[in-house]
Structure formats: structure tokens, C-alpha cells
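Below is the file structure38.txt, which contains compact mmCIF, C-alpha atoms.
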```txt
# COMPACT_ATOMS: atom_id res chain seq x y z
CA MET A 253 74.10 75.44 -23.03
CA GLU A 254 74.79 73.53 -26.23
CA THR A 255 74.52 70.21 -24.38
CA GLU A 256 71.26 71.29 -22.75
CA GLU A 257 69.87 72.43 -26.11
CA ARG A 258 70.84 69.12 -27.70
CA ILE A 259 69.04 67.24 -24.93
CA LEU A 260 65.89 69.33 -25.10
CA THR A 261 65.56 69.62 -28.87
CA PRO A 262 64.43 66.02 -29.75
CA PRO A 263 61.52 65.96 -27.25
CA ALA A 264 60.50 69.44 -28.37
CA ARG A 265 60.61 68.31 -31.98
CA GLY A 266 58.59 65.21 -31.09
CA LYS A 267 55.99 67.33 -29.32
CA ARG A 268 55.75 69.67 -32.30
CA THR A 269 55.39 66.68 -34.64
CA ARG A 270 52.53 65.29 -32.53
CA ARG A 271 50.83 68.68 -32.56
CA VAL A 272 51.07 68.94 -36.35
CA ARG A 273 49.81 65.38 -36.71
CA GLY A 274 46.89 66.21 -34.42
CA ILE A 275 46.00 69.25 -36.55
CA ILE A 276 46.10 67.14 -39.73
CA PHE A 277 43.93 64.51 -38.02
CA LEU A 278 41.36 67.13 -37.00
CA ARG A 279 41.30 68.42 -40.57
CA ASP A 280 40.58 64.87 -41.75
CA VAL A 281 37.82 64.58 -39.14
CA ALA A 282 36.29 67.82 -40.45
CA GLN A 283 36.38 66.39 -43.99
CA LEU A 284 34.54 63.29 -42.77
CA GLY A 285 32.07 65.41 -40.81
CA PHE A 286 31.04 67.22 -43.99
CA THR A 287 31.11 64.25 -46.40
CA ALA A 288 30.39 61.02 -44.47
CA PHE A 289 26.89 60.19 -45.70
CA GLY A 290 25.04 56.93 -45.18
CA GLY A 291 25.18 56.06 -41.49
CA PRO A 292 27.73 54.08 -39.42
CA GLN A 293 28.51 51.45 -42.08
CA ALA A 294 29.28 54.06 -44.74
CA HIS A 295 31.19 56.08 -42.13
CA THR A 296 33.34 53.01 -41.50
CA ALA A 297 34.10 52.74 -45.21
CA MET A 298 35.23 56.36 -45.39
CA MET A 299 37.27 56.06 -42.18
CA LEU A 300 38.92 52.96 -43.60
CA ARG A 301 39.86 54.78 -46.78
CA LEU A 302 41.00 58.09 -45.27
CA LEU A 303 42.28 57.27 -41.78
CA VAL A 304 43.70 53.79 -42.49
CA ASP A 305 44.68 53.48 -46.14
CA LYS A 306 45.69 57.10 -46.78
CA ARG A 307 46.88 58.53 -43.45
CA ARG A 308 47.79 55.28 -41.62
CA TYR A 309 46.75 56.58 -38.21
CA LEU A 310 45.93 52.95 -37.36
CA THR A 311 45.62 49.58 -39.09
CA SER A 312 42.41 48.14 -40.49
CA ALA A 313 42.45 45.49 -37.74
CA GLU A 314 42.72 48.20 -35.07
CA LEU A 315 39.84 50.12 -36.66
CA LEU A 316 37.72 46.97 -36.64
CA GLU A 317 38.59 46.31 -33.00
CA LEU A 318 37.47 49.81 -32.03
CA MET A 319 34.33 49.53 -34.15
CA ALA A 320 33.42 46.18 -32.56
CA LEU A 321 34.14 47.58 -29.11
CA CYS A 322 31.80 50.50 -29.77
CA GLN A 323 29.08 48.26 -31.18
CA VAL A 324 29.02 46.32 -27.91
CA LEU A 325 28.49 49.60 -26.01
CA PRO A 326 25.31 51.70 -26.14
CA GLY A 327 25.51 54.96 -28.05
CA PRO A 328 26.45 56.26 -31.53
CA THR A 329 28.91 53.72 -32.97
CA SER A 330 30.68 55.86 -35.57
CA THR A 331 30.98 58.79 -33.13
CA GLN A 332 32.47 56.57 -30.44
CA THR A 333 34.85 55.00 -32.97
CA ILE A 334 36.29 58.25 -34.30
CA THR A 335 36.48 59.69 -30.76
CA ALA A 336 38.42 56.60 -29.65
CA ILE A 337 40.84 57.07 -32.56
CA GLY A 338 41.41 60.66 -31.44
CA PHE A 339 42.01 59.44 -27.88
CA ARG A 340 44.63 56.93 -29.04
CA LEU A 341 46.42 59.53 -31.16
CA GLY A 342 46.46 62.44 -28.73
CA GLY A 343 44.73 61.63 -25.46
CA PRO A 344 41.57 63.20 -23.98
CA ASN A 345 42.10 66.72 -25.38
CA LEU A 346 42.35 65.54 -28.98
CA ALA A 347 39.43 63.17 -28.39
CA TYR A 348 37.16 65.99 -27.20
CA LEU A 349 38.12 68.15 -30.20
CA THR A 350 37.51 65.17 -32.48
CA LEU A 351 34.03 64.67 -31.05
CA LEU A 352 33.18 68.37 -31.39
CA ILE A 353 34.42 68.70 -34.99
CA TRP A 354 32.79 65.43 -36.06
CA MET A 355 29.32 66.18 -34.69
CA LEU A 356 29.20 69.96 -35.27
CA PRO A 357 28.21 70.02 -38.99
CA ALA A 358 25.30 67.60 -38.56
CA VAL A 359 24.11 69.21 -35.31
CA CYS A 360 24.15 72.70 -36.85
CA LEU A 361 22.29 71.54 -39.95
CA MET A 362 19.64 69.70 -37.94
CA THR A 363 19.25 72.69 -35.59
CA ALA A 364 18.68 74.93 -38.63
CA ALA A 365 16.14 72.39 -39.91
CA GLY A 366 14.29 72.50 -36.59
CA LEU A 367 14.27 76.30 -36.63
CA SER A 368 12.97 76.52 -40.20
CA MET A 369 10.74 73.45 -40.30
CA SER A 370 7.77 75.41 -41.65
CA TYR A 371 9.77 76.60 -44.66
CA LEU A 372 11.41 73.34 -45.76
CA ASP A 373 10.54 72.11 -49.22
CA LYS A 374 10.52 68.35 -48.64
CA ASP A 375 10.22 67.48 -52.35
CA MET A 376 13.28 69.59 -53.15
CA VAL A 377 15.32 67.84 -50.43
CA ALA A 378 14.24 64.43 -51.75
CA ARG A 379 15.31 65.35 -55.29
CA LEU A 380 18.62 66.75 -54.10
CA VAL A 381 19.72 63.59 -52.28
CA ARG A 382 18.26 60.90 -54.53
CA PHE A 383 21.69 60.00 -55.98
CA VAL A 384 23.55 60.25 -52.66
CA GLN A 385 21.86 57.15 -51.24
CA PRO A 386 23.12 54.62 -53.85
CA VAL A 387 26.58 56.21 -53.60
CA ALA A 388 26.47 55.57 -49.83
CA VAL A 389 25.57 51.91 -50.51
CA GLY A 390 28.64 51.72 -52.76
CA PHE A 391 30.76 52.98 -49.85
CA VAL A 392 29.36 50.25 -47.60
CA ALA A 393 29.99 47.53 -50.21
CA TYR A 394 33.57 48.73 -50.59
CA SER A 395 34.00 48.70 -46.81
CA ALA A 396 32.74 45.11 -46.63
CA TYR A 397 35.20 44.04 -49.34
CA LYS A 398 38.22 45.76 -47.76
CA ILE A 399 37.46 44.56 -44.24
CA ALA A 400 36.93 40.95 -45.35
CA GLU A 401 40.14 41.08 -47.38
CA LYS A 402 42.21 42.19 -44.40
CA VAL A 403 40.81 40.25 -41.44
CA VAL A 404 39.29 37.01 -42.76
CA HIS A 405 42.09 34.44 -43.18
CA THR A 406 40.77 31.16 -41.72
CA LYS A 407 37.86 28.82 -42.38
CA THR A 408 36.44 29.70 -38.97
CA SER A 409 36.49 33.39 -39.88
CA VAL A 410 34.76 32.73 -43.19
CA ALA A 411 32.06 30.71 -41.42
CA LEU A 412 31.54 33.46 -38.85
CA LEU A 413 31.37 36.14 -41.57
CA VAL A 414 28.71 34.27 -43.57
CA THR A 415 26.69 33.28 -40.48
CA SER A 416 26.68 36.76 -38.98
CA ALA A 417 25.77 38.35 -42.32
CA LEU A 418 22.77 36.03 -42.72
CA VAL A 419 21.58 36.46 -39.13
CA ALA A 420 21.94 40.26 -39.26
CA TYR A 421 20.11 40.34 -42.60
CA PHE A 422 17.10 38.28 -41.52
CA PHE A 423 16.85 39.35 -37.85
CA GLN A 424 17.07 43.15 -37.66
CA LEU A 425 16.76 43.52 -33.89
CA PRO A 426 18.87 45.82 -31.69
CA TRP A 427 20.09 43.09 -29.35
CA VAL A 428 21.23 40.85 -32.23
CA LEU A 429 24.37 42.88 -33.03
CA PRO A 430 26.05 42.78 -29.60
CA LEU A 431 25.10 39.10 -29.23
CA LEU A 432 26.68 38.24 -32.59
CA LEU A 433 29.88 40.09 -31.67
CA LEU A 434 30.09 38.38 -28.29
CA GLY A 435 29.26 35.00 -29.86
CA GLY A 436 31.92 35.39 -32.54
CA GLY A 437 34.50 36.31 -29.92
CA LEU A 438 33.50 33.30 -27.82
CA VAL A 439 33.95 30.88 -30.77
CA THR A 440 37.58 31.88 -31.39
CA THR A 441 38.41 32.28 -27.70
CA PHE A 442 38.99 28.53 -27.49
CA ARG A 443 41.92 28.91 -29.88
CA TYR A 444 43.84 31.05 -27.44
CA ARG A 445 46.67 28.48 -27.10
CA LYS A 446 47.74 29.33 -30.66
CA MET A 447 48.41 32.91 -29.64
CA PRO A 448 51.96 33.87 -28.57
CA ARG A 449 52.36 34.17 -24.83
CA ILE A 450 53.30 37.59 -23.46
CA GLU A 451 55.57 37.00 -20.47
CA HIS A 452 55.67 40.53 -19.10
CA LYS A 453 52.15 41.92 -19.18
CA GLU A 454 51.33 45.40 -18.05
CA PRO A 455 49.13 45.17 -14.95
CA LEU A 456 45.46 45.73 -15.68
CA HIS A 457 44.57 49.09 -14.18
CA ILE A 458 40.95 50.24 -14.50
CA GLU A 459 40.12 53.90 -14.02
CA TRP A 460 36.50 54.10 -12.90
CA SER A 461 36.10 57.89 -13.04
CA ASN A 462 34.31 58.06 -16.41
CA PHE A 463 32.00 55.18 -15.50
CA VAL A 464 31.13 56.84 -12.18
CA LEU A 465 30.56 60.13 -14.02
CA TRP A 466 28.25 58.42 -16.55
CA LEU A 467 26.21 56.81 -13.76
CA GLY A 468 26.19 60.00 -11.67
CA VAL A 469 24.87 62.11 -14.55
CA PHE A 470 22.27 59.43 -15.32
CA LEU A 471 20.87 59.46 -11.77
CA SER A 472 21.23 63.21 -11.22
CA ALA A 473 19.41 64.07 -14.45
CA ALA A 474 16.55 61.74 -13.52
CA LEU A 475 16.19 63.32 -10.07
CA LEU A 476 16.49 66.92 -11.31
CA GLY A 477 14.01 66.30 -14.11
CA HIS A 478 11.50 64.81 -11.69
CA TYR A 479 11.72 67.55 -9.06
CA THR A 480 12.34 70.72 -11.11
CA ARG A 481 9.95 69.91 -14.00
CA LEU A 482 11.96 72.33 -16.18
CA LEU A 483 11.61 71.39 -19.84
CA PRO A 484 15.33 71.74 -20.76
CA VAL A 485 16.28 69.54 -17.80
CA ARG A 486 13.66 66.95 -18.69
CA LEU A 487 14.77 66.98 -22.33
CA PHE A 488 18.38 66.40 -21.27
CA GLU A 489 17.29 63.46 -19.10
CA ASN A 490 15.20 61.97 -21.91
CA PHE A 491 18.03 62.13 -24.45
CA TYR A 492 20.71 61.03 -21.97
CA ARG A 493 18.61 58.00 -20.98
CA ASN A 494 18.01 57.02 -24.61
CA GLY A 495 21.69 57.51 -25.46
CA SER A 496 22.64 55.30 -22.49
CA LEU A 497 20.35 52.41 -23.31
CA VAL A 498 20.12 52.12 -27.10
CA PHE A 499 22.21 49.62 -29.06
CA GLY A 500 22.42 49.57 -32.85
CA GLY A 501 22.78 53.23 -33.87
CA GLY A 502 20.39 55.81 -35.27
CA GLN A 503 18.10 53.29 -36.97
CA VAL A 504 17.28 51.76 -33.57
CA LEU A 505 17.13 55.12 -31.80
CA ALA A 506 14.48 56.55 -34.15
CA PRO A 507 11.52 54.35 -33.08
CA LEU A 508 12.34 54.94 -29.42
CA LEU A 509 12.38 58.71 -29.91
CA TYR A 510 9.15 58.52 -31.93
CA ALA A 511 7.37 56.64 -29.14
CA GLU A 512 8.57 59.06 -26.45
CA PHE A 513 8.44 62.48 -28.12
CA VAL A 514 5.62 62.05 -30.64
CA GLU A 515 3.19 59.46 -29.25
CA PHE A 516 3.69 59.97 -25.50
CA LYS A 517 4.80 63.60 -24.95
CA GLU A 518 3.53 65.10 -28.23
CA TYR A 519 6.42 67.58 -28.52
CA LEU A 520 6.17 67.33 -32.33
CA SER A 521 3.85 65.75 -34.88
CA GLY A 522 4.38 62.51 -36.78
CA PRO A 523 4.97 64.27 -40.14
CA GLU A 524 7.47 66.65 -38.49
CA PHE A 525 9.32 63.71 -36.98
CA LEU A 526 9.47 61.76 -40.27
CA SER A 527 10.55 64.83 -42.23
CA GLY A 528 13.42 65.41 -39.81
CA TYR A 529 14.40 61.75 -39.82
CA GLY A 530 14.47 61.69 -43.62
CA LEU A 531 16.63 64.82 -43.62
CA THR A 532 19.02 63.19 -41.14
CA GLN A 533 19.55 60.29 -43.55
CA ALA A 534 20.44 62.76 -46.28
CA LEU A 535 22.98 64.72 -44.23
CA PRO A 536 26.61 63.83 -43.47
CA GLY A 537 27.83 62.96 -40.00
CA PRO A 538 26.21 61.08 -37.11
CA ASN A 539 22.51 60.18 -37.27
CA PHE A 540 22.24 60.93 -33.54
CA ALA A 541 22.26 64.63 -34.50
CA PHE A 542 18.52 64.04 -35.02
CA ALA A 543 18.21 64.79 -31.28
CA SER A 544 19.08 68.46 -31.88
CA TYR A 545 16.18 68.71 -34.36
CA ILE A 546 13.73 67.22 -31.84
CA GLY A 547 15.09 69.45 -29.07
CA ALA A 548 14.58 72.56 -31.20
CA LEU A 549 10.97 71.67 -32.01
CA ALA A 550 10.20 70.66 -28.41
CA MET A 551 11.21 74.17 -27.26
CA ARG A 552 9.45 76.14 -30.03
CA GLU A 553 7.14 77.88 -27.55
CA TYR A 554 10.20 79.61 -26.03
CA GLY A 555 11.24 81.41 -29.22
CA VAL A 556 14.45 81.14 -31.23
CA GLY A 557 16.66 81.32 -28.12
CA GLY A 558 14.71 78.52 -26.50
CA GLN A 559 14.91 76.40 -29.64
CA VAL A 560 18.69 76.82 -29.85
CA LEU A 561 18.90 75.82 -26.16
CA GLY A 562 16.70 72.79 -26.87
CA ALA A 563 18.92 71.75 -29.78
CA LEU A 564 22.04 72.11 -27.62
CA VAL A 565 20.47 70.12 -24.77
CA GLY A 566 19.43 67.39 -27.22
CA ALA A 567 22.90 67.12 -28.77
CA VAL A 568 24.75 67.08 -25.43
CA GLY A 569 22.28 64.65 -23.89
CA ILE A 570 22.40 62.11 -26.73
CA PHE A 571 26.17 62.15 -27.33
CA MET A 572 27.47 62.41 -23.75
CA PRO A 573 26.73 58.88 -22.41
CA GLY A 574 28.36 57.02 -25.29
CA THR A 575 31.40 59.31 -25.06
CA LEU A 576 31.84 58.72 -21.32
CA LEU A 577 31.52 54.95 -21.76
CA ILE A 578 34.09 54.71 -24.56
CA PHE A 579 36.45 56.94 -22.56
CA PHE A 580 36.07 54.51 -19.66
CA LEU A 581 36.81 51.39 -21.73
CA ILE A 582 39.49 52.67 -24.13
CA ARG A 583 41.85 53.52 -21.25
CA PHE A 584 42.48 49.86 -20.39
CA TRP A 585 41.61 48.20 -23.71
CA ASP A 586 45.26 47.82 -24.80
CA GLN A 587 46.13 46.23 -21.46
CA LEU A 588 43.17 43.89 -21.75
CA LYS A 589 44.30 42.75 -25.21
CA GLN A 590 47.56 41.40 -23.75
CA TYR A 591 45.71 38.36 -22.45
CA ARG A 592 45.65 35.50 -24.95
CA VAL A 593 41.98 34.78 -24.38
CA VAL A 594 41.02 38.35 -25.30
CA LYS A 595 43.45 38.43 -28.25
CA ALA A 596 42.03 35.18 -29.63
CA SER A 597 38.49 36.49 -29.32
CA LEU A 598 39.35 39.43 -31.60
CA GLU A 599 39.60 37.09 -34.61
CA GLY A 600 35.93 36.15 -34.20
CA ILE A 601 34.83 39.69 -33.36
CA ASN A 602 36.55 41.04 -36.50
CA ALA A 603 34.99 38.35 -38.70
CA VAL A 604 31.52 39.08 -37.32
CA SER A 605 32.10 42.82 -37.83
CA ALA A 606 32.88 42.13 -41.48
CA GLY A 607 29.69 40.06 -41.76
CA LEU A 608 27.61 42.88 -40.29
CA VAL A 609 28.95 45.29 -42.90
CA VAL A 610 28.16 42.77 -45.67
CA ALA A 611 24.58 42.53 -44.39
CA ALA A 612 24.34 46.32 -44.16
CA SER A 613 25.27 46.74 -47.82
CA PHE A 614 22.17 44.71 -48.80
CA LEU A 615 19.87 46.17 -46.14
CA LEU A 616 20.69 49.74 -47.15
CA TYR A 617 20.01 49.03 -50.81
CA HIS A 618 16.54 47.51 -50.28
CA PRO A 619 14.66 50.79 -49.58
CA LEU A 620 16.00 52.31 -52.82
CA PRO A 621 14.11 51.97 -56.10
CA ASP A 622 15.55 48.98 -57.96
CA THR A 623 16.46 50.91 -61.09
CA PRO A 624 19.40 50.55 -63.53
CA ILE A 625 20.60 54.02 -62.46
CA ASN A 626 20.85 53.08 -58.78
CA LEU A 627 22.56 49.77 -59.58
CA ALA A 628 25.01 51.59 -61.85
CA LEU A 629 25.77 54.18 -59.16
CA VAL A 630 26.47 51.49 -56.56
CA ALA A 631 28.79 49.64 -58.96
CA ALA A 632 30.50 52.82 -60.17
CA THR A 633 31.14 54.01 -56.60
CA PHE A 634 32.60 50.62 -55.67
CA LEU A 635 34.92 50.59 -58.71
CA LEU A 636 36.04 54.19 -58.21
CA LEU A 637 36.91 53.44 -54.59
CA LEU A 638 38.94 50.44 -55.75
CA TRP A 639 40.73 52.72 -58.20
CA GLU A 640 41.73 54.97 -55.26
CA LYS A 641 42.22 58.08 -57.40
CA ILE A 642 39.10 60.11 -56.61
CA PRO A 643 38.46 61.40 -53.04
CA SER A 644 35.27 60.18 -51.40
CA TYR A 645 33.89 63.67 -50.82
CA LEU A 646 34.07 64.45 -54.56
CA MET A 647 31.83 61.46 -55.28
CA VAL A 648 29.30 62.70 -52.73
CA LEU A 649 29.43 66.26 -54.08
CA ALA A 650 28.98 64.96 -57.63
CA ALA A 651 25.88 63.00 -56.53
CA LEU A 652 24.45 66.12 -54.86
CA LEU A 653 25.16 68.20 -57.97
CA ALA A 654 23.49 65.61 -60.18
CA GLY A 655 20.42 65.68 -57.92
CA ALA A 656 20.25 69.47 -58.17
CA ILE A 657 20.62 69.57 -61.95
CA LEU A 658 18.75 66.50 -63.24
```
Represent the structure from my file as C-alpha cells, please.
Amino acid sequence: METEERILTPPARGKRTRRVRGIIFLRDVAQLGFTAFGGPQAHTAMMLRLLVDKRRYLTSAELLELMALCQVLPGPTSTQTITAIGFRLGGPNLAYLTLLIWMLPAVCLMTAAGLSMSYLDKDMVARLVRFVQPVAVGFVAYSAYKIAEKVVHTKTSVALLVTSALVAYFFQLPWVLPLLLLGGGLVTTFRYRKMPRIEHKEPLHIEWSNFVLWLGVFLSAALLGHYTRLLPVRLFENFYRNGSLVFGGGQVLAPLLYAEFVEFKEYLSGPEFLSGYGLTQALPGPNFAFASYIGALAMREYGVGGQVLGALVGAVGIFMPGTLLIFFLIRFWDQLKQYRVVKASLEGINAVSAGLVVAASFLLYHPLPDTPINLALVAATFLLLLWEKIPSYLMVLAALLAGAIL
């Protein structure tokens, strides 16, 4: 019995350690879900600080690889990235819990906004969040600095960073981002001979189940929506289709949703749409949670129960396709990286990713009033993050408190 206990104890201890680590990771995800303001670029900065620098769940290079991988795919980039991290740490179960905890705060808040749209004081919301926006820009600037510091080490990488930052800054089109990432990877691919050769590669095994599921849901939703004409089914199809085809995050998704749900289907008015979109920018978590707001307003004729159903349909429809696609790709990504051509391409992809974050720090600042206060908040946030003594969420809470008091 003693021998058996000795044999079984280490695996049991290892399993318990993984469970505790998973719980700590989910707690960190919840912290990000409530405090990650500013869209995907600011989310990346906070993930870099909490998940990489503090917790060391992965390296900064690995985070950049996942981020670049998700930017090439359609769907919500930051959601796919943090879900992929959960998958790598604990498999599908932890990944699903990660997705749920990450999106739940924003989805609940936007559902509540859709339910109480008539009672929202838009001026009060604008005053409350006016200091959060420059703080978010500070997060993005810090992210750009840290990423460039850790992944840009050659003249080729510097050239790719500068070029991609300039192109992304002057050409703000949805197809530009994946093309830049693919182009950057192609440039450094030709240096594959400098990479160490791996003699014993794991065979590349592709599991197609998640891809088949994504395509099956896509086609089934289209057919069911056409033949049943039920509004919840049609809403699910609309959101699933947009989530499957949009590149570039919430900023690119918004005009597509406006054209479909405001101009074409008239489920909500232009002012209602813009009010909800502005509120989304002021809330933490994924911008794709905007779909739950639209779903709630689209179902307002069916009462509160119908609106909650509409919000749920919108959230599931918009987040599901990107999740299925990243689950498909992440399963064989590590095997794919064994090949020198792919490994060499990561240098260019990482450099371009850094350039995109640099461009984002300027693009996000432009809509803000160019005042000494906003400039000071951006600089102060950047310096405090460098100091590494104050948690990110305290900075966000301080900005919200200042907006409520001043």
C-alpha cells in the first residue's frame, strides 16, 4: 500500500496543482473582464502586464504569436487570444470557462443598457468615462513599448515595425491588418535557414471537427433563418455571419452592424445605435458585447423575456464563430511551429504586431480632445505602468472616480 501511495501521490499532487493554477487564472481573467478598458490593443497591454509579467502563464513572444494568429482569423481578437491562453493552460474545459468569465461582465452590462435604454442619461455616462479614455491610450502606449522591447532585435524587424505602423496609421481598412501580418511573415520566411533544425518533429495532425462545426452552424443557421422566419433564429444567423466574416475587431464590426440592423432592417434607430456603441467603448471587456445590446433592442416588442433572449442570441451568435475557429487552429499550432519556415515567419509577424500596436496608440488618441489634462493622463499612465507598483484596475477605477467627482 505504501508503494502504491508513493506512486499515485505525485500525479495527484500535479493534478491538484493544475487545478489551483486554473482557478487563479480564472480569477485573473475575471479581473481583466471587469477592468480591461480600451479595446483589443489596451486589452493586450493588460494581458501582457498581468498574464505575462506578473503570472508568467506564457512569454511575451507566445502572447504575440497568439495575438497575431487571432488577428489573421475573423472574430474578436482579444477574446480569441485569452481563450487560446486558457486552452493552452488547461485544455477545452478551461478555455470555455475563460471565454464565459471574460465576456460575461460586458454582455451583462450591455444587456442592461438595452433593457433600460429609455432611462440612460447619456451626458452622465460621457462625464463618467472622460478620464478613462486617455488612461486606455496610456495602456496601449505601454504595450507598444514592452512588445517592441521584447521581440524587435534585428534591422529587418525594426523596418517591419516602422513600415507596418505607418501603413496601419494611414490606411485604416479591415483587410490591411491580415495582409500586413502575412506580408511580415513572408519577409522573414526567407531566413529560415538560420533557424535550428528539429530532427524529430511531431507529425502534423489536424483535427477538423471544430472547422466542420463552424461551417455546419453557418449553413444551418442560414437555412433555418430563411425557412422558419423566427426573429431569434434570424438574429442568431445575422450575428453569426458577421462574426464569421469580419476582420479587425469591434471598430470594423460597428459599421457592418449599423448597415444591417439600422439602415436595412430598422431594428433600432441611429441615435440608439450610436448611444450603445459609445457605451461599449466606455465599458471593460470585449467590444463584441455590443451585439447583446442590439439583440435586446431588436426583441423589444416581445417584452423583457424576449429582450433577454435577444441579448443572449446576439452574444452567442457573435462570439461562437471566432471561438470555433481558434479552437480549430490552436490544436495544431505548436506542431506547425516546428517547421523552420513557420518559425522564421514568426519574427516578421511579431514585428508587424508591434507596429500595429504603435499605430493604435496614435489612432486611439486622435478622437480625444487635445488638452494638457489628456496628455498628462496618457504620460502618467505610461510611467505608472513602467513603475510596476500600481495594479492596472486601480488606475481605471481612479479615472472613473475622477470622472464622477470632477
As AutoDock Vina command-line options, please report the centre and edge lengths, rounded to one decimal in Å, of the axis-aligned box that holds all listed atoms of segment 585-588 of chain A with 6 Å of padding on each of the six sides.
```
--center_x 43.9 --center_y 46.0 --center_z -23.1 --size_x 16.5 --size_y 16.3 --size_z 15.3
```
Margin query: Neighbouring residues of Ala656 of chain A were defined as those with any atom within 10 Å, considering all atoms listed in the file; residues of the same chain fewer than 4 positions away were excluded. Please report them as a list in words.
Written below: Met376, Val377, Arg379, Leu380, Val381, Arg382, Phe383, Ala650, Ala651 and Leu652 of chain A
Checklist line | Surrounding residues of Leu520 of chain A excluding itself and chain neighbours under 6 positions, 7 Å, all atoms listed in the file, as a VMD selection string | finding: chain A and resid 513 to 514 549 to 550
Check: Smallest atom-to-atom distance to Leu433 of chain A: which of A:Pro455, A:Gly366, A:Gly562, A:Gly600, using all atoms listed in the file?
Finding: A:Gly600
Margin query: Need the shell around Leu646 of chain A: protein/DNA/RNA residues with any atom at most 12 Å away, counting all atoms listed in the file. Skip same-chain ones fewer than 5 positions apart. Format as a ChimeraX atom specification?
Written below: /A:283-284,286-288,384,387,633,636-637,641,651-653
Next item on the list: Mind giving me the straight-line distance from atom CA of Ala400 of chain A to atom CA of Gly607 of chain A in Å, one decimal?
Entry: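 Those two atoms sit 8.1 Å apart.
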Next item on the list: Please indicate the distance in Å from atom CA of Tyr645 of chain A to atom CA of Thr296 of chain A, rounded to one decimal place.
Entry: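 Atom-to-atom, atom CA of Tyr645 of chain A to atom CA of Thr296 of chain A, that is 14.2 Å.
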Notebook entry, point to check: To one decimal place, how far is atom CA of Leu638 of chain A from atom CA of His618 of chain A in Å?
Noted result: 23.2 Å
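Each of A:Lys407, A:His295, A:Arg271, A:Arg308 was compared to Leu346 of chain A using only C-alpha atoms, and A:Arg271 turns out to be the nearest.
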Margin query: Using all atoms listed in the file, can you tell me which of A:Gly435, A:Leu456, A:Leu535, A:Leu505 comes closest to Gln590 of chain A?
Written below: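 The shortest atom-to-atom distance to Gln590 of chain A comes from A:Leu456.
Among the candidates A:Ala313, A:Ile642, A:Gly274, A:Gly468, the residue lying nearest to Arg340 of chain A is A:Gly274 (atoms considered: only C-alpha atoms).
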Next item on the list: Have a look at A:Ala541, A:Pro643, A:Leu367, A:Tyr348 and name the one nearest to Gly555 of chain A; count only C-alpha atoms.
Entry: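 Ranking A:Ala541, A:Pro643, A:Leu367, A:Tyr348 by distance to Gly555 of chain A, first place goes to A:Leu367.
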Item checked: For Phe470 of chain A, the nearest of the candidates A:Leu325, A:Ile276, A:Leu576, A:Val630, counting all atoms listed in the file -> A:Leu576
Residues at most 12 Å from Phe277 of chain A, counting only C-alpha atoms, excluding those fewer than 2 positions away in the same chain, as a short mmCIF file (atom, residue, chain, number, x, y, z; two decimals) with C-alpha atoms, keeping the file's coordinate frame?
```
data_model
loop_
_atom_site.label_atom_id
_atom_site.label_comp_id
_atom_site.auth_asym_id
_atom_site.auth_seq_id
_atom_site.Cartn_x
_atom_site.Cartn_y
_atom_site.Cartn_z
CA ARG A 270 52.53 65.29 -32.53
CA ARG A 271 50.83 68.68 -32.56
CA VAL A 272 51.07 68.94 -36.35
CA ARG A 273 49.81 65.38 -36.71
CA GLY A 274 46.89 66.21 -34.42
CA ILE A 275 46.00 69.25 -36.55
CA ARG A 279 41.30 68.42 -40.57
CA ASP A 280 40.58 64.87 -41.75
CA VAL A 281 37.82 64.58 -39.14
CA ALA A 282 36.29 67.82 -40.45
CA GLN A 283 36.38 66.39 -43.99
CA LEU A 284 34.54 63.29 -42.77
CA MET A 299 37.27 56.06 -42.18
CA LEU A 302 41.00 58.09 -45.27
CA LEU A 303 42.28 57.27 -41.78
CA VAL A 304 43.70 53.79 -42.49
CA LYS A 306 45.69 57.10 -46.78
CA ARG A 307 46.88 58.53 -43.45
CA ARG A 308 47.79 55.28 -41.62
CA TYR A 309 46.75 56.58 -38.21
CA LEU A 310 45.93 52.95 -37.36
CA ILE A 334 36.29 58.25 -34.30
CA THR A 335 36.48 59.69 -30.76
CA ILE A 337 40.84 57.07 -32.56
CA GLY A 338 41.41 60.66 -31.44
CA PHE A 339 42.01 59.44 -27.88
CA ARG A 340 44.63 56.93 -29.04
CA LEU A 341 46.42 59.53 -31.16
CA GLY A 342 46.46 62.44 -28.73
CA LEU A 346 42.35 65.54 -28.98
CA ALA A 347 39.43 63.17 -28.39
CA LEU A 349 38.12 68.15 -30.20
CA THR A 350 37.51 65.17 -32.48
CA ILE A 353 34.42 68.70 -34.99
CA TRP A 354 32.79 65.43 -36.06
#
```
Note to self: Env of Val556 of chain A: 12 Å cut, atoms = all atoms listed in the file, seq-sep filter 3 positions within chain, self excluded. Answer as a PyMOL selection string.
What the structure shows: chain A and resi 363-364+366-368+547-553+559-563
Can you patch up segment 409-420 of chain A, filling it in to N, CA and C atoms, and show the result as an mmCIF file, keeping the file's coordinate frame?
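This is the output file result35.cif:
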```cif
data_model
loop_
_atom_site.group_PDB
_atom_site.id
_atom_site.type_symbol
_atom_site.label_atom_id
_atom_site.label_comp_id
_atom_site.auth_asym_id
_atom_site.auth_seq_id
_atom_site.Cartn_x
_atom_site.Cartn_y
_atom_site.Cartn_z
ATOM 1 N N SER A 409 36.864 31.999 -39.625
ATOM 2 C CA SER A 409 36.490 33.390 -39.880
ATOM 3 C C SER A 409 35.490 33.501 -41.015
ATOM 4 N N VAL A 410 35.701 32.717 -42.065
ATOM 5 C CA VAL A 410 34.760 32.730 -43.190
ATOM 6 C C VAL A 410 33.374 32.286 -42.726
ATOM 7 N N ALA A 411 33.337 31.214 -41.921
ATOM 8 C CA ALA A 411 32.060 30.710 -41.420
ATOM 9 C C ALA A 411 31.354 31.751 -40.552
ATOM 10 N N LEU A 412 32.120 32.429 -39.707
ATOM 11 C CA LEU A 412 31.540 33.460 -38.850
ATOM 12 C C LEU A 412 31.036 34.635 -39.672
ATOM 13 N N LEU A 413 31.797 35.033 -40.706
ATOM 14 C CA LEU A 413 31.370 36.140 -41.570
ATOM 15 C C LEU A 413 30.035 35.819 -42.240
ATOM 16 N N VAL A 414 29.939 34.645 -42.853
ATOM 17 C CA VAL A 414 28.710 34.270 -43.570
ATOM 18 C C VAL A 414 27.536 34.146 -42.605
ATOM 19 N N THR A 415 27.764 33.480 -41.462
ATOM 20 C CA THR A 415 26.690 33.280 -40.480
ATOM 21 C C THR A 415 26.179 34.605 -39.942
ATOM 22 N N SER A 416 27.093 35.477 -39.549
ATOM 23 C CA SER A 416 26.680 36.760 -38.980
ATOM 24 C C SER A 416 25.980 37.627 -40.011
ATOM 25 N N ALA A 417 26.432 37.572 -41.273
ATOM 26 C CA ALA A 417 25.770 38.350 -42.320
ATOM 27 C C ALA A 417 24.331 37.871 -42.519
ATOM 28 N N LEU A 418 24.117 36.574 -42.533
ATOM 29 C CA LEU A 418 22.770 36.030 -42.720
ATOM 30 C C LEU A 418 21.858 36.357 -41.536
ATOM 31 N N VAL A 419 22.389 36.173 -40.320
ATOM 32 C CA VAL A 419 21.580 36.460 -39.130
ATOM 33 C C VAL A 419 21.220 37.941 -39.062
ATOM 34 N N ALA A 420 22.201 38.821 -39.311
ATOM 35 C CA ALA A 420 21.940 40.260 -39.260
ATOM 36 C C ALA A 420 20.965 40.690 -40.354
#
```
